[in-house]
>>> print(open('upload-v4.cif').read())   # mmCIF, C-alpha atoms and all ligand atoms
data_query
#
loop_
_atom_site.label_atom_id
_atom_site.label_comp_id
_atom_site.auth_asym_id
_atom_site.auth_seq_id
_atom_site.Cartn_x
_atom_site.Cartn_y
_atom_site.Cartn_z
CA MET A 1 -17.46 17.34 8.12
CA LEU A 2 -14.94 15.17 6.33
CA PRO A 3 -15.98 12.92 3.43
CA LYS A 4 -15.86 9.19 4.22
CA LEU A 5 -13.25 6.75 2.89
CA VAL A 6 -13.94 3.01 3.09
CA ILE A 7 -10.94 0.93 4.15
CA ALA A 8 -11.79 -2.21 2.19
CA THR A 9 -10.37 -4.90 4.44
CA ASN A 10 -11.47 -7.63 6.81
CA ASN A 11 -7.99 -7.83 8.31
CA PRO A 12 -7.88 -6.03 11.70
CA GLY A 13 -4.06 -5.82 11.59
CA LYS A 14 -4.11 -3.89 8.32
CA LEU A 15 -6.91 -1.66 9.57
CA ARG A 16 -4.95 -0.71 12.71
CA GLU A 17 -1.96 0.27 10.58
CA PHE A 18 -4.05 2.32 8.14
CA GLN A 19 -5.66 4.23 11.02
CA MET A 20 -2.17 5.54 11.89
CA LEU A 21 -0.80 5.77 8.36
CA LEU A 22 -3.70 7.74 6.87
CA ASP A 23 -4.07 10.21 9.71
CA GLY A 24 -4.61 13.64 8.15
CA CYS A 25 -5.66 12.29 4.74
CA GLY A 26 -8.72 14.56 4.62
CA PHE A 27 -11.23 11.68 4.91
CA GLU A 28 -12.98 9.99 7.84
CA LEU A 29 -12.00 6.30 7.73
CA VAL A 30 -14.83 3.77 7.90
CA THR A 31 -15.02 0.03 7.26
CA PRO A 32 -17.62 -1.92 5.27
CA ARG A 33 -18.71 -3.39 8.62
CA ASP A 34 -19.30 0.13 10.07
CA LEU A 35 -21.64 0.69 7.13
CA GLY A 36 -23.40 -2.67 7.59
CA VAL A 37 -22.00 -3.91 4.26
CA ASN A 38 -20.88 -7.53 3.92
CA PHE A 39 -17.55 -7.30 2.06
CA ASP A 40 -15.85 -10.50 0.93
CA PRO A 41 -14.91 -10.28 -2.76
CA GLU A 42 -13.19 -13.20 -4.46
CA GLU A 43 -9.54 -12.38 -5.11
CA THR A 44 -9.28 -13.82 -8.63
CA GLY A 45 -6.33 -11.71 -9.82
CA SER A 46 -2.85 -13.03 -10.48
CA THR A 47 -0.97 -10.00 -9.10
CA PHE A 48 -1.16 -7.80 -5.99
CA ALA A 49 -2.27 -4.89 -8.21
CA GLU A 50 -5.11 -6.90 -9.77
CA ASN A 51 -6.40 -8.09 -6.41
CA ALA A 52 -6.14 -4.63 -4.82
CA THR A 53 -8.09 -3.26 -7.81
CA ILE A 54 -10.82 -5.91 -7.47
CA LYS A 55 -11.23 -5.16 -3.75
CA ALA A 56 -11.25 -1.36 -4.15
CA ILE A 57 -13.77 -1.34 -7.00
CA GLU A 58 -16.08 -3.77 -5.18
CA ALA A 59 -15.94 -1.74 -1.94
CA ALA A 60 -16.60 1.54 -3.77
CA ARG A 61 -19.55 -0.07 -5.57
CA SER A 62 -21.12 -1.77 -2.54
CA CYS A 63 -20.56 1.11 -0.11
CA GLY A 64 -21.14 3.98 -2.55
CA LEU A 65 -18.01 5.76 -1.30
CA VAL A 66 -14.36 6.30 -2.24
CA ALA A 67 -12.59 3.09 -1.20
CA LEU A 68 -9.00 2.10 -0.47
CA ALA A 69 -7.91 -1.54 -0.62
CA ASP A 70 -4.58 -3.20 0.15
CA ASP A 71 -3.32 -6.42 -1.35
CA SER A 72 -0.10 -7.57 0.18
CA GLY A 73 1.99 -10.60 0.98
CA LEU A 74 5.33 -12.16 1.66
CA GLU A 75 7.69 -13.30 -1.13
CA VAL A 76 10.35 -15.78 -0.02
CA ASP A 77 13.23 -16.13 -2.52
CA HIS A 78 14.07 -19.73 -1.58
CA LEU A 79 10.42 -20.65 -2.30
CA GLY A 80 10.42 -18.98 -5.73
CA GLY A 81 8.40 -16.03 -4.39
CA ARG A 82 5.77 -18.08 -2.52
CA PRO A 83 3.44 -17.54 -0.74
CA GLY A 84 3.13 -14.14 -2.55
CA ILE A 85 -0.47 -13.29 -3.40
CA PHE A 86 -1.57 -16.44 -1.54
CA SER A 87 -0.04 -15.31 1.78
CA ALA A 88 -3.40 -15.04 3.57
CA ARG A 89 -4.37 -18.54 2.39
CA TYR A 90 -0.97 -20.25 2.69
CA ALA A 91 -2.06 -22.64 5.46
CA GLY A 92 -5.67 -22.83 4.29
CA VAL A 93 -8.44 -20.68 5.66
CA ASP A 94 -10.07 -21.21 9.03
CA ARG A 95 -13.02 -18.86 9.00
CA THR A 96 -14.11 -19.86 12.50
CA ASP A 97 -10.80 -18.76 14.02
CA PRO A 98 -8.42 -16.75 11.79
CA ASN A 99 -5.82 -16.82 14.60
CA ILE A 100 -5.40 -20.58 14.18
CA SER A 101 -4.52 -20.25 10.51
CA GLU A 102 -2.08 -17.40 11.35
CA VAL A 103 -0.19 -19.58 13.86
CA ARG A 104 -0.24 -22.51 11.45
CA GLN A 105 1.13 -20.25 8.67
CA LEU A 106 4.20 -19.40 10.71
CA GLU A 107 4.81 -23.07 11.60
CA LEU A 108 4.40 -24.17 8.00
CA LEU A 109 6.77 -21.54 6.63
CA LEU A 110 9.40 -22.33 9.27
CA GLU A 111 9.07 -26.03 8.35
CA GLU A 112 9.58 -25.24 4.66
CA MET A 113 12.66 -23.17 5.56
CA ASP A 114 14.11 -25.80 7.89
CA GLY A 115 17.84 -26.23 7.17
CA VAL A 116 17.98 -23.35 4.68
CA PRO A 117 21.15 -21.31 5.35
CA GLU A 118 21.06 -17.66 6.42
CA GLU A 119 22.08 -16.21 3.02
CA GLN A 120 19.22 -18.04 1.29
CA ARG A 121 16.53 -16.84 3.69
CA THR A 122 15.93 -13.47 1.98
CA ALA A 123 12.32 -12.33 1.63
CA ARG A 124 10.23 -9.22 1.22
CA PHE A 125 6.75 -7.97 1.97
CA ARG A 126 4.98 -6.24 -0.90
CA CYS A 127 1.92 -4.04 -0.73
CA VAL A 128 -0.19 -2.51 -3.46
CA ILE A 129 -2.91 -0.04 -2.50
CA ALA A 130 -5.76 0.73 -4.90
CA ILE A 131 -8.11 3.70 -4.54
CA ALA A 132 -11.43 3.54 -6.37
CA THR A 133 -14.35 5.95 -6.80
CA PRO A 134 -17.97 4.76 -7.15
CA GLY A 135 -19.15 4.50 -10.74
CA SER A 136 -15.67 4.18 -12.24
CA ASP A 137 -13.44 1.24 -13.12
CA ASP A 138 -10.35 3.45 -12.96
CA VAL A 139 -8.19 3.08 -9.88
CA GLN A 140 -5.12 4.88 -8.57
CA LEU A 141 -2.32 2.57 -7.41
CA ALA A 142 0.51 2.97 -4.91
CA ASP A 143 3.06 0.33 -3.95
CA GLY A 144 5.73 -0.41 -1.38
CA VAL A 145 8.37 -3.03 -0.52
CA PHE A 146 9.91 -4.10 2.83
CA GLU A 147 13.10 -6.21 2.60
CA GLY A 148 14.12 -8.79 5.18
CA ARG A 149 14.74 -12.47 5.80
CA ILE A 150 12.95 -15.40 7.39
CA GLY A 151 13.99 -16.02 11.01
CA TYR A 152 14.29 -19.35 12.82
CA GLU A 153 11.52 -18.97 15.40
CA PRO A 154 8.67 -16.51 16.01
CA ARG A 155 9.65 -13.42 18.03
CA GLY A 156 7.62 -10.39 19.09
CA THR A 157 3.94 -9.68 19.61
CA ASN A 158 3.31 -6.50 17.60
CA GLY A 159 1.94 -6.39 14.08
CA PHE A 160 0.13 -9.39 12.60
CA GLY A 161 0.49 -12.23 10.10
CA TYR A 162 4.11 -13.14 9.30
CA ASP A 163 5.66 -10.31 11.34
CA PRO A 164 7.03 -12.62 14.12
CA ILE A 165 9.23 -14.50 11.60
CA PHE A 166 10.21 -11.56 9.36
CA VAL A 167 13.63 -10.24 10.35
CA VAL A 168 14.14 -6.66 9.13
CA ALA A 169 17.00 -6.25 6.58
CA GLY A 170 20.23 -5.11 8.21
CA ARG A 171 18.83 -5.60 11.73
CA SER A 172 18.32 -8.50 14.13
CA VAL A 173 14.74 -7.68 15.16
CA THR A 174 11.55 -9.03 13.60
CA SER A 175 8.87 -6.64 12.41
CA ALA A 176 6.73 -7.94 15.32
CA GLU A 177 9.38 -6.56 17.71
CA LEU A 178 9.18 -3.06 16.22
CA PRO A 179 6.91 -0.47 17.85
CA PRO A 180 3.97 0.14 15.46
CA ASP A 181 5.14 3.63 14.45
CA GLU A 182 8.59 2.30 13.55
CA LYS A 183 7.17 -0.57 11.46
CA ASN A 184 4.93 1.98 9.70
CA ARG A 185 7.92 4.20 8.83
CA ILE A 186 9.81 1.41 7.03
CA SER A 187 7.23 -1.16 5.96
CA HIS A 188 5.78 -2.03 2.54
CA ARG A 189 2.41 -0.67 3.75
CA GLY A 190 4.06 2.45 5.16
CA HIS A 191 5.74 3.23 1.83
CA ALA A 192 2.58 2.54 -0.19
CA ALA A 193 0.44 4.54 2.26
CA ALA A 194 2.75 7.57 2.04
CA LYS A 195 2.06 7.68 -1.72
CA ALA A 196 -1.67 7.00 -1.17
CA LEU A 197 -1.81 9.85 1.37
CA GLU A 198 -0.72 12.31 -1.32
CA LEU A 199 -3.37 10.99 -3.73
CA LEU A 200 -6.09 11.21 -1.05
CA ARG A 201 -5.11 14.75 -0.05
CA LYS A 202 -5.41 15.84 -3.69
CA MET A 203 -8.83 14.16 -3.91
CA SER A 204 -10.11 15.77 -0.70
CA ASP A 205 -8.73 19.20 -1.74
CA GLY A 206 -10.55 18.73 -5.05
CA ASP A 207 -13.73 17.87 -3.14
CA ALA A 208 -13.42 20.95 -0.95
CA ALA A 209 -12.81 23.16 -3.99
CA GLY A 210 -15.63 21.60 -6.05
P1 LIG A 301 -8.20 -8.32 3.16
O1 LIG A 301 -8.14 -8.93 1.78
O2 LIG A 301 -9.58 -8.37 3.76
O3 LIG A 301 -7.59 -6.96 3.19
P2 LIG A 301 -6.25 -10.36 3.81
O4 LIG A 301 -5.47 -10.65 5.03
O5 LIG A 301 -6.98 -11.50 3.14
O6 LIG A 301 -7.29 -9.19 4.16
P3 LIG A 301 -4.44 -10.12 1.57
O7 LIG A 301 -5.18 -11.02 0.65
O8 LIG A 301 -3.82 -8.87 1.01
O9 LIG A 301 -5.36 -9.61 2.76
O10 LIG A 301 -3.31 -11.00 2.28
C1 LIG A 301 -2.28 -10.37 2.95
C2 LIG A 301 -1.57 -11.39 3.84
O11 LIG A 301 -0.15 -11.17 3.74
C3 LIG A 301 -1.93 -11.18 5.28
O12 LIG A 301 -3.07 -11.95 5.66
C4 LIG A 301 -0.65 -11.60 6.00
O13 LIG A 301 -0.62 -13.00 6.11
C5 LIG A 301 0.43 -11.17 5.01
N1 LIG A 301 0.89 -9.79 5.31
C6 LIG A 301 0.69 -8.67 4.57
N2 LIG A 301 1.20 -7.60 5.15
C7 LIG A 301 1.75 -8.03 6.31
C8 LIG A 301 2.41 -7.37 7.37
O14 LIG A 301 2.58 -6.06 7.39
N3 LIG A 301 2.84 -8.13 8.38
C9 LIG A 301 2.65 -9.46 8.39
N4 LIG A 301 2.02 -10.15 7.45
C10 LIG A 301 1.55 -9.44 6.41
#
>>> encode(input="upload-v4.cif", output="structure tokens")
Amino acid sequence: MLPKLVIATNNPGKLREFQMLLDGCGFELVTPRDLGVNFDPEETGSTFAENATIKAIEAARSCGLVALADDSGLEVDHLGGRPGIFSARYAGVDRTDPNISEVRQLELLLEEMDGVPEEQRTARFRCVIAIATPGSDDVQLADGVFEGRIGYEPRGTNGFGYDPIFVVAGRSVTSAELPPDEKNRISHRGHAAAKALELLRKMSDGDAAG
């Protein structure tokens, strides 16, 4: 039987991607919800790495298992890097219906980018993954970047969050128009997860040996 790894997220879009990305990592993926654990830590850090660390340590502590957390977001150059670590809360938080705040986020960002010329619409997704072990404040980090630009209207139905307005660098499609496996091959989360996969395989080999 494989050891369990908690995917420390409440975001179903991230979870779907990790289920593909971490296939073969040597752990059985579970969520805090699967374990009956209420997981909603306050993200008080000022960087992706700090927030990923907070989430991973809290999940490992409350679930008593190795935990992997992702902190990610969209940096828009014209907006000085906003919304960045505040991407999930850019349009406020509607806890009764997260879909409403996602739609509102896209509208708000397109409004802020109204009239901004093509060459100033550059942006990137960033992802930092933290892996924590119960009883330790040490984490292992892995990061990834996905370059693109902000489009003019939402397109595509795959992915989640800002994908419908994120046009992939050097292409004319949004990341919501990419099939999931193609997004995973080139995305910020895909790059970070490839590094995390190596770390997890070493940990599960160590487990098997010990
Ligand atoms: P958890 O903390 O529970 O994992 P969250 O959605 O609050 O979920 P973050 O604080 O890391 O997670 O915020 C990430 C936000 O950045 C996410 O809600 C999206 O709005 C955006 N984002 C990150 N990766 C994305 C992707 O691959 N496609 C589209 N939007 C993405």
>>> atom_distance(input="upload-v4.cif", atom1="CA of Leu108 in chain A", atom2="atom C7 of ligand LIG 301 (chain A)")
16.4 Å
>>> atom_distance(input="upload-v4.cif", atom1="CA of Ala56 in chain A", atom2="atom C2 of ligand LIG 301 (chain A)")
16.1 Å
>>> closest_residue(input="upload-v4.cif", among="A:Arg201, A:Lys4, A:Arg124, A:Lys195", to="Asp34 in chain A", atoms="only C-alpha atoms")
A:Lys4
>>> residues_near_ligand(input="upload-v4.cif", ligand="ligand LIG 301 (chain A)", cutoff="9 Å", atoms="only C-alpha atoms and all ligand atoms", output="number ranges by chain")
A: 7-15, 17, 39-41, 43, 48, 51-52, 55, 69-74, 83-90, 102, 105, 125-128, 146, 159-166, 175-176, 183-184, 187-190
>>> closest_residue(input="upload-v4.cif", among="A:Asp137, A:Asp77, A:Asp143, A:Glu198", to="Glu118 in chain A", atoms="only C-alpha atoms")
A:Asp77
>>> closest_residue(input="upload-v4.cif", among="A:Leu2, A:Leu22, A:Ala132, A:Val116", to="Ala59 in chain A", atoms="all atoms listed in the file")
A:Ala132
>>> closest_residue(input="upload-v4.cif", among="A:Lys202, A:Arg121, A:Pro154, A:Cys63", to="Thr133 in chain A", atoms="all atoms listed in the file")
A:Cys63
>>> atom_distance(input="upload-v4.cif", atom1="CA of Asp23 in chain A", atom2="CA of Ala60 in chain A")
20.3 Å
>>> closest_residue(input="upload-v4.cif", among="A:Ala123, A:Leu21, A:Val37, A:Ile54", to="Leu79 in chain A", atoms="all atoms listed in the file")
A:Ala123
>>> closest_residue(input="upload-v4.cif", among="A:Ser101, A:Ser172, A:Ser46, A:Ser62", to="Val6 in chain A", atoms="all atoms listed in the file")
A:Ser62
>>> decode(input="upload-v4.cif", residues="range 23-60 of chain A", atoms="N, CA and C atoms", output="PDB file, in the first residue's frame")
ATOM      1  N   ASP A  23       0.974  11.766 -10.931  1.00  0.00           N
ATOM      2  CA  ASP A  23       0.774  10.339 -11.185  1.00  0.00           C
ATOM      3  C   ASP A  23       2.140   9.639 -11.119  1.00  0.00           C
ATOM      4  N   GLY A  24       2.215   8.577 -10.368  1.00  0.00           N
ATOM      5  CA  GLY A  24       3.485   7.832 -10.272  1.00  0.00           C
ATOM      6  C   GLY A  24       4.458   8.406  -9.256  1.00  0.00           C
ATOM      7  N   CYS A  25       3.967   9.269  -8.348  1.00  0.00           N
ATOM      8  CA  CYS A  25       4.890   9.892  -7.387  1.00  0.00           C
ATOM      9  C   CYS A  25       5.243   8.968  -6.228  1.00  0.00           C
ATOM     10  N   GLY A  26       4.549   7.825  -6.126  1.00  0.00           N
ATOM     11  CA  GLY A  26       4.856   6.894  -5.032  1.00  0.00           C
ATOM     12  C   GLY A  26       3.983   7.104  -3.812  1.00  0.00           C
ATOM     13  N   PHE A  27       3.030   8.047  -3.889  1.00  0.00           N
ATOM     14  CA  PHE A  27       2.098   8.308  -2.786  1.00  0.00           C
ATOM     15  C   PHE A  27       0.663   8.208  -3.315  1.00  0.00           C
ATOM     16  N   GLU A  28      -0.261   7.890  -2.412  1.00  0.00           N
ATOM     17  CA  GLU A  28      -1.693   7.993  -2.744  1.00  0.00           C
ATOM     18  C   GLU A  28      -2.136   9.414  -2.381  1.00  0.00           C
ATOM     19  N   LEU A  29      -2.713  10.129  -3.338  1.00  0.00           N
ATOM     20  CA  LEU A  29      -3.106  11.513  -3.081  1.00  0.00           C
ATOM     21  C   LEU A  29      -4.436  11.561  -2.341  1.00  0.00           C
ATOM     22  N   VAL A  30      -4.477  12.346  -1.270  1.00  0.00           N
ATOM     23  CA  VAL A  30      -5.730  12.566  -0.541  1.00  0.00           C
ATOM     24  C   VAL A  30      -5.860  14.061  -0.263  1.00  0.00           C
ATOM     25  N   THR A  31      -7.067  14.506   0.039  1.00  0.00           N
ATOM     26  CA  THR A  31      -7.264  15.923   0.386  1.00  0.00           C
ATOM     27  C   THR A  31      -7.595  16.012   1.873  1.00  0.00           C
ATOM     28  N   PRO A  32      -7.453  17.209   2.457  1.00  0.00           N
ATOM     29  CA  PRO A  32      -7.878  17.378   3.852  1.00  0.00           C
ATOM     30  C   PRO A  32      -9.345  16.951   4.015  1.00  0.00           C
ATOM     31  N   ARG A  33     -10.177  17.310   3.021  1.00  0.00           N
ATOM     32  CA  ARG A  33     -11.594  16.951   3.094  1.00  0.00           C
ATOM     33  C   ARG A  33     -11.784  15.436   3.166  1.00  0.00           C
ATOM     34  N   ASP A  34     -11.018  14.669   2.334  1.00  0.00           N
ATOM     35  CA  ASP A  34     -11.107  13.195   2.391  1.00  0.00           C
ATOM     36  C   ASP A  34     -10.858  12.686   3.809  1.00  0.00           C
ATOM     37  N   LEU A  35     -10.000  13.434   4.532  1.00  0.00           N
ATOM     38  CA  LEU A  35      -9.612  12.991   5.878  1.00  0.00           C
ATOM     39  C   LEU A  35     -10.524  13.588   6.947  1.00  0.00           C
ATOM     40  N   GLY A  36     -11.523  14.378   6.507  1.00  0.00           N
ATOM     41  CA  GLY A  36     -12.433  15.017   7.461  1.00  0.00           C
ATOM     42  C   GLY A  36     -11.772  16.176   8.206  1.00  0.00           C
ATOM     43  N   VAL A  37     -10.710  16.741   7.616  1.00  0.00           N
ATOM     44  CA  VAL A  37     -10.000  17.857   8.263  1.00  0.00           C
ATOM     45  C   VAL A  37     -10.420  19.166   7.614  1.00  0.00           C
ATOM     46  N   ASN A  38     -10.793  20.143   8.440  1.00  0.00           N
ATOM     47  CA  ASN A  38     -11.145  21.463   7.922  1.00  0.00           C
ATOM     48  C   ASN A  38      -9.844  22.242   7.718  1.00  0.00           C
ATOM     49  N   PHE A  39      -9.541  22.584   6.459  1.00  0.00           N
ATOM     50  CA  PHE A  39      -8.235  23.197   6.143  1.00  0.00           C
ATOM     51  C   PHE A  39      -8.463  24.562   5.519  1.00  0.00           C
ATOM     52  N   ASP A  40      -8.147  25.627   6.260  1.00  0.00           N
ATOM     53  CA  ASP A  40      -8.331  26.969   5.710  1.00  0.00           C
ATOM     54  C   ASP A  40      -7.350  27.943   6.374  1.00  0.00           C
ATOM     55  N   PRO A  41      -6.042  27.696   6.210  1.00  0.00           N
ATOM     56  CA  PRO A  41      -5.064  28.539   6.920  1.00  0.00           C
ATOM     57  C   PRO A  41      -5.040  29.958   6.355  1.00  0.00           C
ATOM     58  N   GLU A  42      -4.701  30.909   7.207  1.00  0.00           N
ATOM     59  CA  GLU A  42      -4.585  32.291   6.752  1.00  0.00           C
ATOM     60  C   GLU A  42      -3.271  32.459   5.998  1.00  0.00           C
ATOM     61  N   GLU A  43      -3.346  33.020   4.793  1.00  0.00           N
ATOM     62  CA  GLU A  43      -2.135  33.178   3.983  1.00  0.00           C
ATOM     63  C   GLU A  43      -1.513  34.536   4.300  1.00  0.00           C
ATOM     64  N   THR A  44      -0.673  34.563   5.343  1.00  0.00           N
ATOM     65  CA  THR A  44      -0.144  35.830   5.848  1.00  0.00           C
ATOM     66  C   THR A  44       1.223  36.171   5.264  1.00  0.00           C
ATOM     67  N   GLY A  45       1.749  35.329   4.388  1.00  0.00           N
ATOM     68  CA  GLY A  45       3.076  35.575   3.822  1.00  0.00           C
ATOM     69  C   GLY A  45       3.065  36.697   2.805  1.00  0.00           C
ATOM     70  N   SER A  46       4.278  37.153   2.445  1.00  0.00           N
ATOM     71  CA  SER A  46       4.351  38.216   1.435  1.00  0.00           C
ATOM     72  C   SER A  46       4.947  37.714   0.123  1.00  0.00           C
ATOM     73  N   THR A  47       5.195  36.402   0.041  1.00  0.00           N
ATOM     74  CA  THR A  47       5.677  35.805  -1.222  1.00  0.00           C
ATOM     75  C   THR A  47       4.930  34.487  -1.455  1.00  0.00           C
ATOM     76  N   PHE A  48       5.004  33.992  -2.704  1.00  0.00           N
ATOM     77  CA  PHE A  48       4.412  32.682  -3.004  1.00  0.00           C
ATOM     78  C   PHE A  48       5.066  31.614  -2.116  1.00  0.00           C
ATOM     79  N   ALA A  49       6.390  31.684  -1.968  1.00  0.00           N
ATOM     80  CA  ALA A  49       7.103  30.652  -1.200  1.00  0.00           C
ATOM     81  C   ALA A  49       6.645  30.663   0.263  1.00  0.00           C
ATOM     82  N   GLU A  50       6.477  31.861   0.829  1.00  0.00           N
ATOM     83  CA  GLU A  50       6.037  31.921   2.235  1.00  0.00           C
ATOM     84  C   GLU A  50       4.640  31.341   2.390  1.00  0.00           C
ATOM     85  N   ASN A  51       3.749  31.686   1.482  1.00  0.00           N
ATOM     86  CA  ASN A  51       2.372  31.179   1.608  1.00  0.00           C
ATOM     87  C   ASN A  51       2.287  29.674   1.346  1.00  0.00           C
ATOM     88  N   ALA A  52       3.068  29.176   0.386  1.00  0.00           N
ATOM     89  CA  ALA A  52       3.079  27.724   0.137  1.00  0.00           C
ATOM     90  C   ALA A  52       3.589  27.003   1.384  1.00  0.00           C
ATOM     91  N   THR A  53       4.611  27.586   2.018  1.00  0.00           N
ATOM     92  CA  THR A  53       5.195  26.991   3.227  1.00  0.00           C
ATOM     93  C   THR A  53       4.166  26.945   4.353  1.00  0.00           C
ATOM     94  N   ILE A  54       3.458  28.060   4.561  1.00  0.00           N
ATOM     95  CA  ILE A  54       2.425  28.116   5.614  1.00  0.00           C
ATOM     96  C   ILE A  54       1.385  27.010   5.384  1.00  0.00           C
ATOM     97  N   LYS A  55       0.928  26.894   4.125  1.00  0.00           N
ATOM     98  CA  LYS A  55      -0.133  25.915   3.833  1.00  0.00           C
ATOM     99  C   LYS A  55       0.368  24.479   4.013  1.00  0.00           C
ATOM    100  N   ALA A  56       1.597  24.210   3.552  1.00  0.00           N
ATOM    101  CA  ALA A  56       2.113  22.830   3.639  1.00  0.00           C
ATOM    102  C   ALA A  56       2.332  22.421   5.093  1.00  0.00           C
ATOM    103  N   ILE A  57       2.923  23.320   5.881  1.00  0.00           N
ATOM    104  CA  ILE A  57       3.194  22.972   7.291  1.00  0.00           C
ATOM    105  C   ILE A  57       1.878  22.750   8.045  1.00  0.00           C
ATOM    106  N   GLU A  58       0.900  23.625   7.793  1.00  0.00           N
ATOM    107  CA  GLU A  58      -0.389  23.495   8.490  1.00  0.00           C
ATOM    108  C   GLU A  58      -1.106  22.190   8.098  1.00  0.00           C
ATOM    109  N   ALA A  59      -1.037  21.838   6.805  1.00  0.00           N
ATOM    110  CA  ALA A  59      -1.702  20.591   6.376  1.00  0.00           C
ATOM    111  C   ALA A  59      -0.996  19.375   6.972  1.00  0.00           C
ATOM    112  N   ALA A  60       0.331  19.395   6.980  1.00  0.00           N
ATOM    113  CA  ALA A  60       1.075  18.258   7.552  1.00  0.00           C
ATOM    114  C   ALA A  60       0.744  18.115   9.034  1.00  0.00           C
TER     115      ALA A  60
END
